[in-house]
Amino acid sequence: MNILLTNTFYVSLHKHRYCREPMAHPEDNNYKPLVSFVITYFNEPIQMLRECIDSIFHLTLSEEEREIILIDDGSDICPLNEITEYRDKLIYLRQNNRGVSEARNMGIQVSNGRYIQFVDSDDYLITDGYNHCLNMVREHHPDIIVFNSTKEETDADSPNLFEGPVSGASYMRHHNLRASACGYIFSRKILIDLRFTAGIQYGEDEKFTPQLILRAEQLFHTETIAYFYRDNPNSVSNKTSEIAINKRLDDSEHVLLYLDHLAAVLPLNERTALERRVAQLSMDYIYNIIRFTHSSEELEKRLERLHKRGLFPLPDRDYTPKYRLFSKITKYKAGRKLMMMALRFQ
């Protein structure tokens with residue numbers, strides 16, 4: 001398959017119902033691929049993109065079971081011209097540069113798989129670990145499988161143990177959430193109308209992931225390492241200009257306030273789970289204000305806004321030792337000043 005669309009495209013999709021049933025035969029008109037892999041691309045080296053695509057071909061999926069969708073977010077040069085060997089094996093879509101959130105939304109819109117996996121084009125899937133996740137999908141038909149990622153090149157076997165099923169709310173109440181949208185495979189039936197928020201450059205995953213996980217009735221967590229993540233120095237998250245830092249902090253504050261508002265209207269079980277996540281994100285937000293601005297004035301100004309929403313001082317909860325210590329230090333101005341001095345040269 002090879003579809004090339006430029007600028008903006010519009011596509012009408014029928015709504016499908018997904019159920020926990022064995023896979024249909026390819027000759028069945030209702031047959032859907034098992035997994036749609038949505039790869040987002042923007043000016044990354046072509047060799048990295050090849051590694052990314054090849055890692056999908058190495059999995060225990062037949063051609064009928066997989067769907068590869070490459071979303072080009074307005075790259076300077078069309079990557080399809082450099083990967084001609086894949087032209088008939090993937091769907092290629094191009095949009096004006098609007099960011100990873102809208103690129104992923106486009107991938108969701110055109111995908112047909114029963115499950116969806118996001119992959120950044122400079123990363124790749126680890127064969128043995130991801131095959132373990134696919135086996136779990138085939139056997140247990142979960143809503144979500146959460147797996148581990150790594151930045152280290154290693155040939156060591158990763159553990160194939162797993163926990164579950166549990167509800168997404170139960171998982172969030174007892175675990176620190178790793179928000180990366182590439183860190184799990186999920187059933188498209190739980191998406192409903194959930195999408196990434198356009199315009200957020202930093203923290204788009206932080207807003208999307210907890211909402212998705214709360215929708216899961218059957219979540220499995222495995223310690224297997226299934227995803228290799230490259231720390232790209234040219235990525236949006238590594239920009240250090242004053243404009244980029246302010247945008248990062250503003251986006252983080254937007255996500256915090258949105259999730260806090262959402263938690264307030266959820267049932268108790270889900271509210272408790274999301275409140276833990278909001279507290280964690282508040283801690284990260286305060287740390288990043290200090291780390292990136294080194295400004296007591298900026299810190300106090302932003303903390304005052306959190307205080308008006310009841311998000312500061314941080315809630316007195318026994319989430320983790322790190323959280324307990326951080327909440328105590330930042331509760332008082334002297335502690336914040338001490339932390340400002342400690343992080344001055346980072």
# chains A, B, ... in the order shown; residues from 1 in each chain; ligands from 1

$ residues_around --residues "range 50-54 of chain A" --least-positions-apart "3" --cutoff "6 Å" --atoms "only C-alpha atoms" --output "PyMOL selection string"
chain A and resi 47+57+121+123-124

$ write_last_selection --atoms "C-alpha atoms" --output "short mmCIF file (atom, residue, chain, number, x, y, z; two decimals), in the first residue's frame"
data_model
loop_
_atom_site.label_atom_id
_atom_site.label_comp_id
_atom_site.auth_asym_id
_atom_site.auth_seq_id
_atom_site.Cartn_x
_atom_site.Cartn_y
_atom_site.Cartn_z
CA GLN A 47 18.95 5.01 8.44
CA PHE A 57 9.15 -6.61 10.03
CA SER A 121 10.91 7.13 13.76
CA ASP A 123 13.47 4.59 17.85
CA TYR A 124 12.77 0.91 17.26
#

$ closest_atom_pairs --of "range 37-64 of chain A" --to "range 131-144 of chain A" --cutoff "9 Å" --atoms "only C-alpha atoms" --output "CSV"
residue,atom,partner,partner_atom,distance
A:Leu59,CA,A:Asn131,CA,6.1
A:Thr60,CA,A:Asn131,CA,6.3
A:Leu61,CA,A:Leu134,CA,8.6

$ closest_residue --among "A:Val278, A:Ile289, A:Ala342, A:Ala226" --to "Asn246 in chain A" --atoms "only C-alpha atoms"
A:Ile289

$ residues_around --residues "Arg276 in chain A" --least-positions-apart "2" --cutoff "12 Å" --atoms "only C-alpha atoms" --output "ChimeraX atom specification"
/A:169-177,210,256,259-260,263,269-274,278-283,311,314-320,323

$ closest_residue --among "A:Ile185, A:Met106, A:Cys78, A:Val35" --to "Thr209 in chain A" --atoms "only C-alpha atoms"
A:Ile185

$ select_by_dssp --residues "range 127-206 of chain A" --states "strand (DSSP E)" --output "VMD selection string"
chain A and resid 144 to 150 162 to 166 184 to 187

$ select_by_dssp --residues "range 38-273 of chain A" --states "helix (DSSP H, G or I)" --output "PyMOL selection string"
chain A and resi 46-57+79-82+84-89+100-110+127-140+168-174+188-190+204-214+236-238+242-264+268-273

$ closest_residue --among "A:Val119, A:Leu325, A:Ile83, A:Leu93" --to "Ile56 in chain A" --atoms "only C-alpha atoms"
A:Val119

$ decode --residues "range 95-111 of chain A" --atoms "N, CA and C atoms" --output "short mmCIF file (atom, residue, chain, number, x, y, z; two decimals), in the first residue's frame"
data_model
loop_
_atom_site.label_atom_id
_atom_site.label_comp_id
_atom_site.auth_asym_id
_atom_site.auth_seq_id
_atom_site.Cartn_x
_atom_site.Cartn_y
_atom_site.Cartn_z
N GLN A 95 1.67 15.65 6.14
CA GLN A 95 0.92 16.83 6.54
C GLN A 95 1.88 18.01 6.66
N ASN A 96 1.34 19.22 6.64
CA ASN A 96 2.16 20.37 6.99
C ASN A 96 2.65 20.20 8.42
N ASN A 97 3.78 20.82 8.74
CA ASN A 97 4.37 20.64 10.06
C ASN A 97 3.44 21.19 11.15
N ARG A 98 2.76 20.26 11.85
CA ARG A 98 1.81 20.66 12.88
C ARG A 98 2.11 19.96 14.21
N GLY A 99 3.18 19.19 14.26
CA GLY A 99 3.58 18.59 15.52
C GLY A 99 3.15 17.15 15.66
N VAL A 100 3.77 16.47 16.65
CA VAL A 100 3.56 15.03 16.82
C VAL A 100 2.13 14.71 17.25
N SER A 101 1.48 15.61 17.97
CA SER A 101 0.11 15.33 18.42
C SER A 101 -0.82 15.15 17.24
N GLU A 102 -0.78 16.08 16.30
CA GLU A 102 -1.66 15.97 15.14
C GLU A 102 -1.22 14.85 14.20
N ALA A 103 0.07 14.56 14.17
CA ALA A 103 0.54 13.43 13.36
C ALA A 103 -0.02 12.12 13.90
N ARG A 104 0.02 11.95 15.21
CA ARG A 104 -0.53 10.73 15.80
C ARG A 104 -2.05 10.66 15.61
N ASN A 105 -2.72 11.80 15.74
CA ASN A 105 -4.17 11.81 15.51
C ASN A 105 -4.50 11.36 14.09
N MET A 106 -3.68 11.80 13.13
CA MET A 106 -3.88 11.36 11.75
C MET A 106 -3.70 9.86 11.64
N GLY A 107 -2.68 9.33 12.32
CA GLY A 107 -2.45 7.89 12.30
C GLY A 107 -3.61 7.12 12.88
N ILE A 108 -4.15 7.61 13.99
CA ILE A 108 -5.33 6.96 14.60
C ILE A 108 -6.48 6.96 13.62
N GLN A 109 -6.69 8.08 12.94
CA GLN A 109 -7.84 8.23 12.07
C GLN A 109 -7.84 7.23 10.91
N VAL A 110 -6.69 6.96 10.36
CA VAL A 110 -6.65 6.10 9.17
C VAL A 110 -6.34 4.64 9.52
N SER A 111 -5.98 4.36 10.77
CA SER A 111 -5.59 3.00 11.13
C SER A 111 -6.79 2.06 11.18
#
